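Quick look at structure-v3.cif (mmCIF, C-alpha atoms):
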data_target
#
loop_
_atom_site.label_atom_id
_atom_site.label_comp_id
_atom_site.auth_asym_id
_atom_site.auth_seq_id
_atom_site.Cartn_x
_atom_site.Cartn_y
_atom_site.Cartn_z
CA MET A 1 4.36 -106.70 31.70
CA SER A 2 4.62 -102.89 31.71
CA ARG A 3 2.10 -100.66 30.01
CA VAL A 4 4.23 -100.08 26.90
CA ASP A 5 5.20 -103.74 26.49
CA THR A 6 2.07 -104.62 24.50
CA PRO A 7 1.92 -103.58 20.82
CA LEU A 8 -1.23 -101.50 21.32
CA ALA A 9 0.11 -99.78 24.42
CA GLY A 10 3.33 -98.95 22.61
CA TYR A 11 1.31 -97.54 19.72
CA LEU A 12 -0.81 -95.41 22.05
CA ASP A 13 2.34 -94.09 23.68
CA GLY A 14 3.18 -92.44 20.36
CA PHE A 15 0.32 -89.94 20.66
CA THR A 16 1.83 -86.70 21.92
CA GLU A 17 -0.77 -84.04 21.09
CA ASP A 18 -2.17 -81.77 23.79
CA PRO A 19 -5.43 -82.73 25.51
CA GLY A 20 -8.61 -81.54 23.82
CA TYR A 21 -7.77 -82.68 20.31
CA LEU A 22 -10.72 -84.38 18.56
CA ASP A 23 -10.04 -83.51 14.91
CA TYR A 24 -8.19 -86.46 13.33
CA GLY A 25 -10.60 -86.31 10.41
CA ARG A 26 -9.00 -82.98 9.48
CA ILE A 27 -5.37 -83.63 10.38
CA GLY A 28 -3.70 -86.22 12.57
CA PRO A 29 -0.86 -84.82 14.70
CA VAL A 30 2.21 -86.83 13.68
CA SER A 31 3.31 -89.67 15.94
CA ARG A 32 6.38 -89.67 18.12
CA ALA A 33 8.08 -92.20 15.80
CA VAL A 34 7.33 -90.15 12.68
CA VAL A 35 8.78 -87.03 14.29
CA ALA A 36 11.99 -88.92 15.08
CA GLU A 37 12.16 -90.50 11.62
CA THR A 38 11.64 -87.32 9.64
CA ARG A 39 14.02 -85.41 11.89
CA GLY A 40 16.71 -88.03 11.30
CA GLN A 41 16.09 -88.11 7.55
CA THR A 42 16.26 -84.32 7.38
CA GLU A 43 19.58 -84.38 9.22
CA ILE A 44 20.96 -86.85 6.66
CA LEU A 45 19.92 -84.55 3.83
CA ALA A 46 21.30 -81.49 5.59
CA ARG A 47 24.76 -83.05 5.96
CA ALA A 48 24.84 -84.83 2.59
CA ARG A 49 27.74 -86.99 3.62
CA PHE A 50 29.51 -89.00 0.95
CA GLY A 51 27.35 -91.91 -0.18
CA SER A 52 24.31 -90.88 1.83
CA LEU A 53 22.00 -89.55 -0.87
CA GLY A 54 21.17 -92.92 -2.40
CA HIS A 55 19.41 -93.72 0.86
CA PHE A 56 16.49 -91.47 -0.10
CA GLY A 57 15.79 -93.45 -3.25
CA GLU A 58 15.30 -96.55 -1.11
CA GLN A 59 12.37 -95.02 0.75
CA ASP A 60 9.96 -95.51 -2.16
CA LEU A 61 10.09 -99.30 -1.92
CA ARG A 62 9.98 -99.12 1.86
CA MET A 63 6.83 -97.01 1.69
CA ARG A 64 5.18 -99.25 -0.92
CA THR A 65 6.01 -102.31 1.16
CA ALA A 66 4.40 -100.74 4.22
CA VAL A 67 1.27 -99.73 2.27
CA ALA A 68 1.03 -103.23 0.76
CA ALA A 69 1.14 -104.83 4.20
CA VAL A 70 -1.79 -102.75 5.45
CA LEU A 71 -3.76 -102.76 2.20
CA GLY A 72 -3.28 -106.33 0.99
CA PHE A 73 -2.03 -105.33 -2.47
CA ARG A 74 1.35 -106.21 -4.03
CA THR A 75 4.14 -103.67 -3.87
CA ASP A 76 4.21 -103.32 -7.68
CA GLN A 77 0.51 -102.34 -7.59
CA ILE A 78 1.26 -99.26 -5.48
CA VAL A 79 2.70 -95.92 -6.53
CA SER A 80 3.59 -92.98 -4.31
CA GLN A 81 1.42 -89.86 -4.47
CA PRO A 82 1.81 -86.51 -2.70
CA ASN A 83 -1.82 -86.61 -1.53
CA THR A 84 -5.20 -88.25 -2.04
CA SER A 85 -6.46 -85.63 -4.49
CA MET A 86 -3.62 -86.20 -6.96
CA GLY A 87 -4.17 -89.95 -6.85
CA LEU A 88 -7.87 -89.43 -7.60
CA MET A 89 -6.97 -87.13 -10.50
CA HIS A 90 -4.76 -89.87 -11.98
CA ALA A 91 -7.61 -92.38 -11.69
CA MET A 92 -10.38 -90.17 -13.09
CA PHE A 93 -8.31 -88.80 -15.97
CA GLY A 94 -7.43 -92.38 -16.86
CA LEU A 95 -11.06 -93.55 -17.16
CA THR A 96 -12.97 -94.18 -20.36
CA GLY A 97 -16.72 -94.41 -19.77
CA ASP A 98 -19.11 -93.11 -17.15
CA VAL A 99 -18.33 -93.01 -13.43
CA LEU A 100 -21.12 -93.18 -10.84
CA LEU A 101 -20.46 -91.12 -7.71
CA SER A 102 -22.18 -89.02 -5.08
CA PRO A 103 -22.23 -85.23 -5.56
CA ALA A 104 -22.17 -84.96 -1.76
CA ASP A 105 -18.79 -86.67 -1.53
CA PHE A 106 -15.71 -84.82 -0.34
CA PRO A 107 -14.78 -82.35 -3.13
CA SER A 108 -11.65 -84.27 -4.18
CA VAL A 109 -13.79 -86.99 -5.80
CA PRO A 110 -16.36 -84.93 -7.77
CA PHE A 111 -13.75 -82.33 -8.75
CA ALA A 112 -11.50 -85.03 -10.21
CA ALA A 113 -14.41 -86.53 -12.15
CA VAL A 114 -15.63 -83.20 -13.52
CA ARG A 115 -12.17 -81.92 -14.42
CA ALA A 116 -11.46 -85.16 -16.29
CA ALA A 117 -14.74 -84.85 -18.20
CA GLU A 118 -14.08 -81.22 -19.07
CA ALA A 119 -10.54 -81.86 -20.28
CA LEU A 120 -10.78 -85.18 -22.12
CA HIS A 121 -14.49 -85.79 -22.83
CA VAL A 122 -14.08 -89.55 -22.45
CA ALA A 123 -15.49 -90.04 -18.94
CA THR A 124 -18.77 -88.56 -17.70
CA PRO A 125 -19.86 -88.20 -14.06
CA LEU A 126 -23.17 -89.87 -13.25
CA TRP A 127 -24.53 -88.28 -10.08
CA LEU A 128 -25.92 -90.75 -7.58
CA THR A 129 -29.32 -89.74 -6.22
CA VAL A 130 -31.53 -91.01 -3.41
CA ASP A 131 -35.35 -90.85 -3.54
CA GLY A 132 -35.14 -88.55 -6.53
CA GLY A 133 -32.90 -85.98 -4.84
CA GLU A 134 -29.25 -85.41 -4.28
CA ASN A 135 -27.57 -87.78 -1.86
CA SER A 136 -27.04 -85.05 0.70
CA ALA A 137 -26.70 -87.58 3.50
CA GLY A 138 -23.58 -89.04 1.92
CA ALA A 139 -24.65 -92.60 2.74
CA VAL A 140 -23.85 -94.54 -0.44
CA THR A 141 -25.34 -98.03 -0.21
CA PRO A 142 -25.17 -101.06 -2.51
CA GLY A 143 -28.89 -100.78 -3.25
CA GLN A 144 -28.59 -97.18 -4.40
CA VAL A 145 -25.64 -98.03 -6.59
CA ARG A 146 -27.35 -101.07 -8.11
CA ASP A 147 -30.48 -99.09 -9.02
CA GLN A 148 -28.53 -96.35 -10.79
CA LEU A 149 -26.03 -98.32 -12.83
CA THR A 150 -26.28 -97.87 -16.61
CA PRO A 151 -24.85 -99.88 -19.51
CA GLY A 152 -22.25 -97.14 -19.94
CA THR A 153 -21.10 -97.15 -16.31
CA ALA A 154 -17.42 -98.08 -16.35
CA ALA A 155 -16.62 -97.30 -12.71
CA VAL A 156 -18.13 -96.48 -9.34
CA ALA A 157 -16.32 -94.11 -6.97
CA VAL A 158 -17.01 -94.03 -3.24
CA SER A 159 -15.51 -92.77 -0.02
CA LEU A 160 -14.67 -95.49 2.46
CA VAL A 161 -15.97 -93.15 5.18
CA ASP A 162 -18.08 -90.11 4.35
CA SER A 163 -16.37 -87.03 5.76
CA ARG A 164 -19.59 -85.24 6.71
CA THR A 165 -21.72 -88.03 8.16
CA GLY A 166 -19.11 -90.59 9.23
CA PHE A 167 -20.98 -93.28 7.26
CA ARG A 168 -18.82 -96.29 6.41
CA VAL A 169 -19.50 -97.76 3.00
CA ASP A 170 -20.06 -101.47 2.37
CA LEU A 171 -17.29 -102.22 -0.14
CA GLU A 172 -18.12 -105.91 -0.46
CA GLY A 173 -21.80 -105.17 -1.05
CA ILE A 174 -21.00 -102.60 -3.73
CA ARG A 175 -18.60 -105.00 -5.43
CA GLN A 176 -21.36 -107.60 -5.62
CA VAL A 177 -23.77 -105.26 -7.41
CA ILE A 178 -21.36 -103.62 -9.88
CA GLY A 179 -19.87 -106.75 -11.39
CA ASP A 180 -16.56 -106.22 -13.17
CA ARG A 181 -16.81 -102.42 -13.29
CA LEU A 182 -13.95 -100.60 -11.63
CA LEU A 183 -14.44 -99.77 -7.96
CA ILE A 184 -12.57 -96.59 -6.95
CA VAL A 185 -12.18 -95.94 -3.22
CA ASP A 186 -11.14 -92.71 -1.55
CA ALA A 187 -9.91 -94.24 1.72
CA ILE A 188 -8.54 -91.12 3.46
CA GLN A 189 -11.10 -91.08 6.31
CA GLY A 190 -10.55 -94.71 7.24
CA PHE A 191 -7.15 -95.90 6.07
CA GLY A 192 -5.17 -97.14 9.06
CA VAL A 193 -8.14 -97.38 11.43
CA VAL A 194 -10.77 -99.31 9.45
CA ASP A 195 -10.25 -103.00 8.73
CA ALA A 196 -11.84 -102.77 5.27
CA ALA A 197 -12.09 -105.26 2.40
CA TYR A 198 -9.69 -103.35 0.18
CA GLU A 199 -9.07 -106.47 -1.88
CA VAL A 200 -12.44 -106.03 -3.64
CA ALA A 201 -11.48 -102.56 -4.89
CA ASP A 202 -9.66 -101.78 -8.13
CA VAL A 203 -8.37 -98.36 -7.12
CA VAL A 204 -7.56 -97.32 -3.56
CA VAL A 205 -6.26 -93.82 -2.86
CA SER A 206 -5.30 -92.27 0.45
CA GLY A 207 -3.04 -89.80 2.14
CA GLY A 208 -1.20 -90.24 5.41
CA GLN A 209 -1.94 -86.89 7.04
CA LYS A 210 -5.12 -87.87 8.85
CA TRP A 211 -5.59 -91.19 10.69
CA VAL A 212 -2.16 -92.59 9.76
CA ARG A 213 -0.56 -89.53 11.46
CA ALA A 214 2.32 -89.23 9.00
CA GLY A 215 1.99 -85.56 8.02
CA TRP A 216 1.37 -83.78 4.73
CA GLY A 217 2.95 -84.84 1.45
CA THR A 218 2.30 -88.54 2.07
CA GLY A 219 -0.01 -90.74 0.03
CA PHE A 220 -0.43 -93.57 -2.44
CA LEU A 221 -2.42 -94.87 -5.38
CA ALA A 222 -3.04 -98.63 -5.47
CA LEU A 223 -4.27 -100.29 -8.67
CA SER A 224 -5.53 -103.81 -9.27
CA ASP A 225 -4.28 -105.59 -12.39
CA ARG A 226 -7.67 -104.88 -13.98
CA ALA A 227 -7.30 -101.16 -13.24
CA VAL A 228 -3.82 -101.10 -14.78
CA GLU A 229 -5.27 -102.62 -17.96
CA ARG A 230 -8.25 -100.27 -18.18
CA LEU A 231 -6.87 -96.92 -17.01
CA THR A 232 -4.76 -94.70 -19.24
CA PRO A 233 -1.81 -92.97 -17.52
CA VAL A 234 -2.62 -89.54 -18.94
CA VAL A 235 -0.16 -87.63 -16.77
CA SER A 236 2.94 -89.82 -16.77
CA GLY A 237 6.45 -88.46 -16.42
CA PHE A 238 9.92 -89.79 -17.00
CA THR A 239 9.68 -92.03 -13.92
CA GLY A 240 6.64 -93.74 -15.42
CA THR A 241 8.57 -95.72 -18.04
CA ASP A 242 10.41 -99.03 -17.80
CA ALA A 243 13.78 -97.24 -17.99
CA THR A 244 15.68 -95.90 -14.99
CA GLU A 245 16.15 -92.61 -16.84
CA SER A 246 14.99 -91.95 -20.37
CA TRP A 247 17.51 -89.69 -22.11
CA ASP A 248 17.24 -88.48 -25.72
CA GLU A 249 13.84 -90.11 -26.31
CA VAL A 250 10.39 -90.08 -24.74
CA LEU A 251 9.43 -93.66 -23.97
CA PRO A 252 5.80 -94.80 -23.57
CA PRO A 253 4.42 -95.36 -20.06
CA VAL A 254 5.05 -98.78 -18.58
CA ARG A 255 2.03 -101.06 -18.15
CA ALA A 256 2.08 -100.88 -14.35
CA ALA A 257 0.95 -98.74 -11.45
CA SER A 258 4.29 -96.94 -11.60
CA ALA A 259 3.15 -95.27 -14.86
CA PHE A 260 0.87 -93.06 -12.76
CA ARG A 261 3.57 -90.75 -11.48
CA VAL A 262 5.36 -87.71 -12.79
CA THR A 263 8.67 -87.68 -10.95
CA ASN A 264 10.52 -89.15 -8.00
CA GLY A 265 8.85 -88.98 -4.62
CA ASP A 266 9.90 -87.07 -1.52
CA GLY A 267 12.16 -89.54 0.29
CA ILE A 268 11.71 -87.85 3.66
CA ALA A 269 7.91 -87.88 3.37
CA GLN A 270 7.99 -91.50 2.21
CA ALA A 271 10.14 -92.47 5.18
CA GLY A 272 7.72 -90.81 7.59
CA PHE A 273 4.74 -92.47 5.92
CA ALA A 274 6.46 -95.86 6.05
CA THR A 275 7.27 -95.39 9.73
CA ALA A 276 3.65 -94.62 10.60
CA LEU A 277 2.42 -97.63 8.62
CA GLU A 278 5.00 -99.92 10.18
CA GLU A 279 3.65 -98.88 13.58
CA ILE A 280 0.13 -99.73 12.42
CA GLN A 281 1.21 -103.09 11.02
CA ALA A 282 2.91 -104.01 14.31
CA VAL A 283 -0.39 -103.57 16.15
CA GLY A 284 -2.85 -104.60 13.46
CA VAL A 285 -5.60 -102.48 11.95
CA ALA A 286 -8.31 -104.61 13.55
CA THR A 287 -6.88 -103.96 17.01
CA ILE A 288 -6.64 -100.23 16.34
CA GLU A 289 -10.19 -100.19 15.01
CA GLY A 290 -11.41 -101.87 18.19
CA ALA A 291 -9.83 -99.13 20.28
CA VAL A 292 -11.32 -96.44 18.04
CA GLN A 293 -14.78 -97.98 18.29
CA GLY A 294 -14.53 -98.04 22.07
CA ASN A 295 -13.67 -94.35 22.11
CA VAL A 296 -16.52 -93.55 19.69
CA ASP A 297 -18.87 -95.19 22.19
CA ARG A 298 -17.50 -92.94 24.94
CA LEU A 299 -18.17 -89.80 22.87
CA ILE A 300 -21.66 -90.92 21.88
CA ASN A 301 -22.52 -91.69 25.51
CA LEU A 302 -21.29 -88.25 26.52
CA ALA A 303 -23.39 -86.56 23.83
CA ASP A 304 -26.43 -88.56 24.97
CA GLU A 305 -25.83 -87.52 28.55
CA TYR A 306 -26.24 -83.89 27.52
CA ALA A 307 -29.06 -84.53 25.04
CA LEU A 308 -27.06 -83.55 21.96
CA PRO A 309 -28.44 -85.25 18.84
CA VAL A 310 -25.98 -87.68 17.26
CA VAL A 311 -26.70 -87.97 13.52
CA SER A 312 -23.81 -90.26 12.61
CA SER A 313 -24.50 -93.98 12.75
CA ARG A 314 -24.43 -95.83 16.06
CA ASP A 315 -24.04 -99.16 14.25
CA VAL A 316 -20.42 -100.34 14.47
CA ARG A 317 -20.75 -101.75 10.93
CA GLU A 318 -21.54 -98.29 9.55
CA ARG A 319 -19.14 -96.06 11.43
CA ALA A 320 -15.45 -95.35 11.87
CA GLY A 321 -13.92 -92.61 14.03
CA LEU A 322 -16.31 -89.74 13.28
CA VAL A 323 -19.11 -88.67 15.61
CA VAL A 324 -21.38 -86.00 14.13
CA LEU A 325 -23.55 -83.80 16.36
CA ALA A 326 -26.52 -81.75 15.14
CA PRO A 327 -27.46 -79.09 17.69
CA PRO A 328 -30.49 -76.89 16.98
CA ALA A 329 -29.51 -74.25 14.41
CA GLU A 330 -30.03 -71.44 16.89
CA ARG A 331 -27.61 -73.08 19.34
CA LEU A 332 -24.79 -74.01 16.96
CA THR A 333 -22.81 -70.90 17.83
CA ALA A 334 -23.23 -71.57 21.56
CA LEU A 335 -21.88 -75.11 21.17
CA GLY A 336 -18.95 -73.90 19.09
CA ALA A 337 -18.14 -71.25 21.68
CA ALA A 338 -18.33 -73.76 24.54
CA LEU A 339 -15.97 -76.15 22.77
CA HIS A 340 -13.57 -73.33 21.90
CA ASN A 341 -13.49 -71.92 25.42
CA HIS A 342 -12.78 -75.35 26.87
CA GLY A 343 -9.92 -75.96 24.44
CA VAL A 344 -11.60 -78.73 22.42
CA THR A 345 -10.56 -78.88 18.75
CA VAL A 346 -13.29 -80.09 16.36
CA THR A 347 -14.60 -79.37 12.86
CA THR A 348 -17.83 -77.42 12.34
CA ARG A 349 -19.35 -77.67 8.88
CA GLY A 350 -22.82 -77.23 7.44
CA GLY A 351 -24.52 -76.68 10.78
CA ARG A 352 -23.02 -79.80 12.33
CA VAL A 353 -20.14 -80.44 14.71
CA ARG A 354 -17.81 -83.33 13.89
CA LEU A 355 -15.76 -85.00 16.59
CA SER A 356 -13.10 -87.40 15.31
CA VAL A 357 -11.47 -89.70 17.81
CA HIS A 358 -8.53 -92.07 17.39
CA ALA A 359 -7.37 -95.12 19.34
CA HIS A 360 -5.94 -92.82 22.00
CA LEU A 361 -8.36 -90.74 24.07
CA ALA A 362 -6.85 -88.97 27.05
CA GLY A 363 -8.87 -88.64 30.24
CA ASP A 364 -8.18 -84.90 30.18
CA THR A 365 -9.74 -84.68 26.73
CA VAL A 366 -12.89 -86.38 27.99
CA ASP A 367 -13.02 -83.99 30.95
CA MET A 368 -12.60 -80.97 28.64
CA LEU A 369 -15.35 -82.17 26.34
CA ARG A 370 -17.62 -82.87 29.31
CA GLY A 371 -17.01 -79.36 30.61
CA ALA A 372 -17.87 -77.87 27.22
CA LEU A 373 -21.08 -79.88 26.91
CA MET A 374 -22.04 -79.06 30.48
CA ALA A 375 -21.62 -75.35 29.80
CA TYR A 376 -23.60 -75.66 26.57
CA SER A 377 -26.37 -77.62 28.27
CA ALA A 378 -26.60 -75.05 31.05
CA GLY A 379 -27.16 -72.36 28.43
CA ALA A 380 -23.95 -70.47 29.17
CA THR A 381 -23.34 -67.43 26.97
CA TYR A 382 -19.96 -66.15 25.88
#

Would you mind writing the structure in this file as structure tokens?
Amino acid sequence: MSRVDTPLAGYLDGFTEDPGYLDYGRIGPVSRAVVAETRGQTEILARARFGSLGHFGEQDLRMRTAVAAVLGFRTDQIVSQPNTSMGLMHAMFGLTGDVLLSPADFPSVPFAAVRAAEALHVATPLWLTVDGGENSAGAVTPGQVRDQLTPGTAAVAVSLVDSRTGFRVDLEGIRQVIGDRLLIVDAIQGFGVVDAAYEVADVVVSGGQKWVRAGWGTGFLALSDRAVERLTPVVSGFTGTDATESWDEVLPPVRAASAFRVTNGDGIAQAGFATALEEIQAVGVATIEGAVQGNVDRLINLADEYALPVVSSRDVRERAGLVVLAPPAERLTALGAALHNHGVTVTTRGGRVRLSVHAHLAGDTVDMLRGALMAYSAGATY
């Protein structure tokens, strides 16, 4: 059997970015199949041959089917979104009651909660704290959530993977402690590479531009039946009714996930997103996660070799594809310069350096990172 004859090998063959890229947590370079798909779809739109335009309307169901297969939800529980942030806005504006969340979460979550509170005054953010202070570590645990629930808490919002620390939340544990309150999950830093228990969540939101490698303008909002009953579709357009097109009257939103949209989706973006998810489904998220975890181990071992503190979790149950390094404050600039001069792409934020590695890790990338860490360790100046 040749190298590309196995599903995983074929999937890995779709990574075409240049060596040195370790920044999937910021943006995932689109896969070979997505490039071909979106190029072909764009060509169809450019020519607009007779009878061809209806094809774009079919991409919504294709995308929802692909999301459902990875997520474990039904297709009618999923609605297309242009990005994660808009899906979170829909969820937070639809809440009635308090929502418990971490102030240290990625800004999309707290901004959505605060904007909803400011505009509608029906949902109030409850800021999760640890040991009497802000949860600056970003590690939201079931115990913390349990201890800070109130009678007025209607929902709990968490990130599947914290973008600053790489901490992977225990969805099943949180579900156990919150009872029948809504569980809202921002899945962007793990969707496609973390085999999570999405079935215990009521709201799952993600985009496809990071680990799914589908490019910008791709995303979804998935709602459990309980979420559909409890959330109000505040911003719902003409595509959110039970009519194909509502002329001459404004119909009420349909009681379904599809109510949480304003207009028709981008068929080209949906086709690219579906293609990327179909690739993932063919391999299996668990298999992809195994490859990611193996590559995380390689990066951690390399950091240890050069005595760089790793502050993200080493426990496979608490991590995904992010490895966070914490050099001494006075040496942060030196590490950044070493990585830059060796062509290694990473994210530096808040005094820490975040490496994000996918299932594919080229030998050249490892060599480039080793060279950067060697130069940093030797005290090279630039």

Residues picked by the PyMOL selection byres ((chain A and resi 314) around 10) here, as a list in words?
Phe167, Val296, Asp297, Ile300, Val310, Val311, Ser312, Ser313, Asp315, Val316, Arg317, Glu318, Arg319, Ala320 and Val323 of chain A

Translate the PyMOL selection byres ((chain A and resi 276) around 8), as applied to the file shown, into an explicit residue set as a list in words.
Ser31, Ala33, Val34, Val212, Arg213, Ala214, Gly272, Phe273, Ala274, Thr275, Leu277, Glu278, Glu279 and Ile280 of chain A

Check which residues satisfy the PyMOL selection byres ((chain A and resi 268) around 7) in the file shown, then give them as a PyMOL selection string.
chain A and resi 38+41-42+266-267+269-272

Generate a file of the selected residues that holds C-alpha atoms, formatted as a PDB file, in the frame of the given file.
ATOM      1  CA  THR A  38      11.640 -87.320   9.640  1.00  0.00           C
ATOM      2  CA  GLN A  41      16.090 -88.110   7.550  1.00  0.00           C
ATOM      3  CA  THR A  42      16.260 -84.320   7.380  1.00  0.00           C
ATOM      4  CA  ASP A 266       9.900 -87.070  -1.520  1.00  0.00           C
ATOM      5  CA  GLY A 267      12.160 -89.540   0.290  1.00  0.00           C
ATOM      6  CA  ALA A 269       7.910 -87.880   3.370  1.00  0.00           C
ATOM      7  CA  GLN A 270       7.990 -91.500   2.210  1.00  0.00           C
ATOM      8  CA  ALA A 271      10.140 -92.470   5.180  1.00  0.00           C
ATOM      9  CA  GLY A 272       7.720 -90.810   7.590  1.00  0.00           C
TER      10      GLY A 272
END

Do you know which residues are at most 9 Å from Asp180 of chain A counting all atoms listed in the file, after dropping those on the same chain fewer than 2 positions away, and could you put them as a list in words?
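That gives Ala154, Ala155, Arg175, Ile178, Leu182 and Leu183 of chain A.
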
What separates atom CA of Leu53 of chain A and atom CA of Leu251 of chain A is a distance of 26.6 Å

Using all atoms listed in the file, which residues sit within 12 Å of Arg331 of chain A once same-chain residues fewer than 2 positions away are excluded, as a PyMOL selection string?
chain A and resi 308+325-329+333-338+351-353+376-381

Could those selected residues go to a file with C-alpha atoms, as a short mmCIF file (atom, residue, chain, number, x, y, z; two decimals), in the frame of the given file?
data_model
loop_
_atom_site.label_atom_id
_atom_site.label_comp_id
_atom_site.auth_asym_id
_atom_site.auth_seq_id
_atom_site.Cartn_x
_atom_site.Cartn_y
_atom_site.Cartn_z
CA LEU A 308 -27.06 -83.55 21.96
CA LEU A 325 -23.55 -83.80 16.36
CA ALA A 326 -26.52 -81.75 15.14
CA PRO A 327 -27.46 -79.09 17.69
CA PRO A 328 -30.49 -76.89 16.98
CA ALA A 329 -29.51 -74.25 14.41
CA THR A 333 -22.81 -70.90 17.83
CA ALA A 334 -23.23 -71.57 21.56
CA LEU A 335 -21.88 -75.11 21.17
CA GLY A 336 -18.95 -73.90 19.09
CA ALA A 337 -18.14 -71.25 21.68
CA ALA A 338 -18.33 -73.76 24.54
CA GLY A 351 -24.52 -76.68 10.78
CA ARG A 352 -23.02 -79.80 12.33
CA VAL A 353 -20.14 -80.44 14.71
CA TYR A 376 -23.60 -75.66 26.57
CA SER A 377 -26.37 -77.62 28.27
CA ALA A 378 -26.60 -75.05 31.05
CA GLY A 379 -27.16 -72.36 28.43
CA ALA A 380 -23.95 -70.47 29.17
CA THR A 381 -23.34 -67.43 26.97
#

Would you kindly return, as a list in words, each protein, DNA or RNA residue with an atom no farther than 10 Å from any atom of Gly143 of chain A, considering only C-alpha atoms and excluding same-chain residues fewer than 3 positions away?
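Once the nearby chain positions are removed, what remains is Val140, Arg146, Asp147, Gln148, Gly173, Ile174 and Val177 of chain A.
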
Quick one, how far is atom CA of Ala119 of chain A from atom CA of Val235 of chain A?
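Taking atom CA of Ala119 of chain A as the start and atom CA of Val235 of chain A as the end point, the length is 12.4 Å.
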
What does the distance between atom CA of Thr232 of chain A and atom CA of Ala259 of chain A come to in Å, to one decimal place?
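Those two atoms sit 9.1 Å apart.
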
Taking all atoms listed in the file into account, name the residue in A:Gly51, A:Leu160, A:Trp247, A:Trp211 that is nearest to Ala196 of chain A.
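That would be A:Leu160, the residue with the smallest distance to Ala196 of chain A.
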
Point out the residue among A:Asp195, A:Asp170, A:Glu289, A:Glu58 with the least atom-to-atom distance to Ala359 of chain A, counting only C-alpha atoms.
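Distance minimum relative to Ala359 of chain A lands on A:Glu289.
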
Please determine, counting all atoms listed in the file, which residue among A:Val346, A:Ala375, A:Ala201, A:Leu231 has the shortest atom-to-atom distance to Gly72 of chain A.
A:Ala201
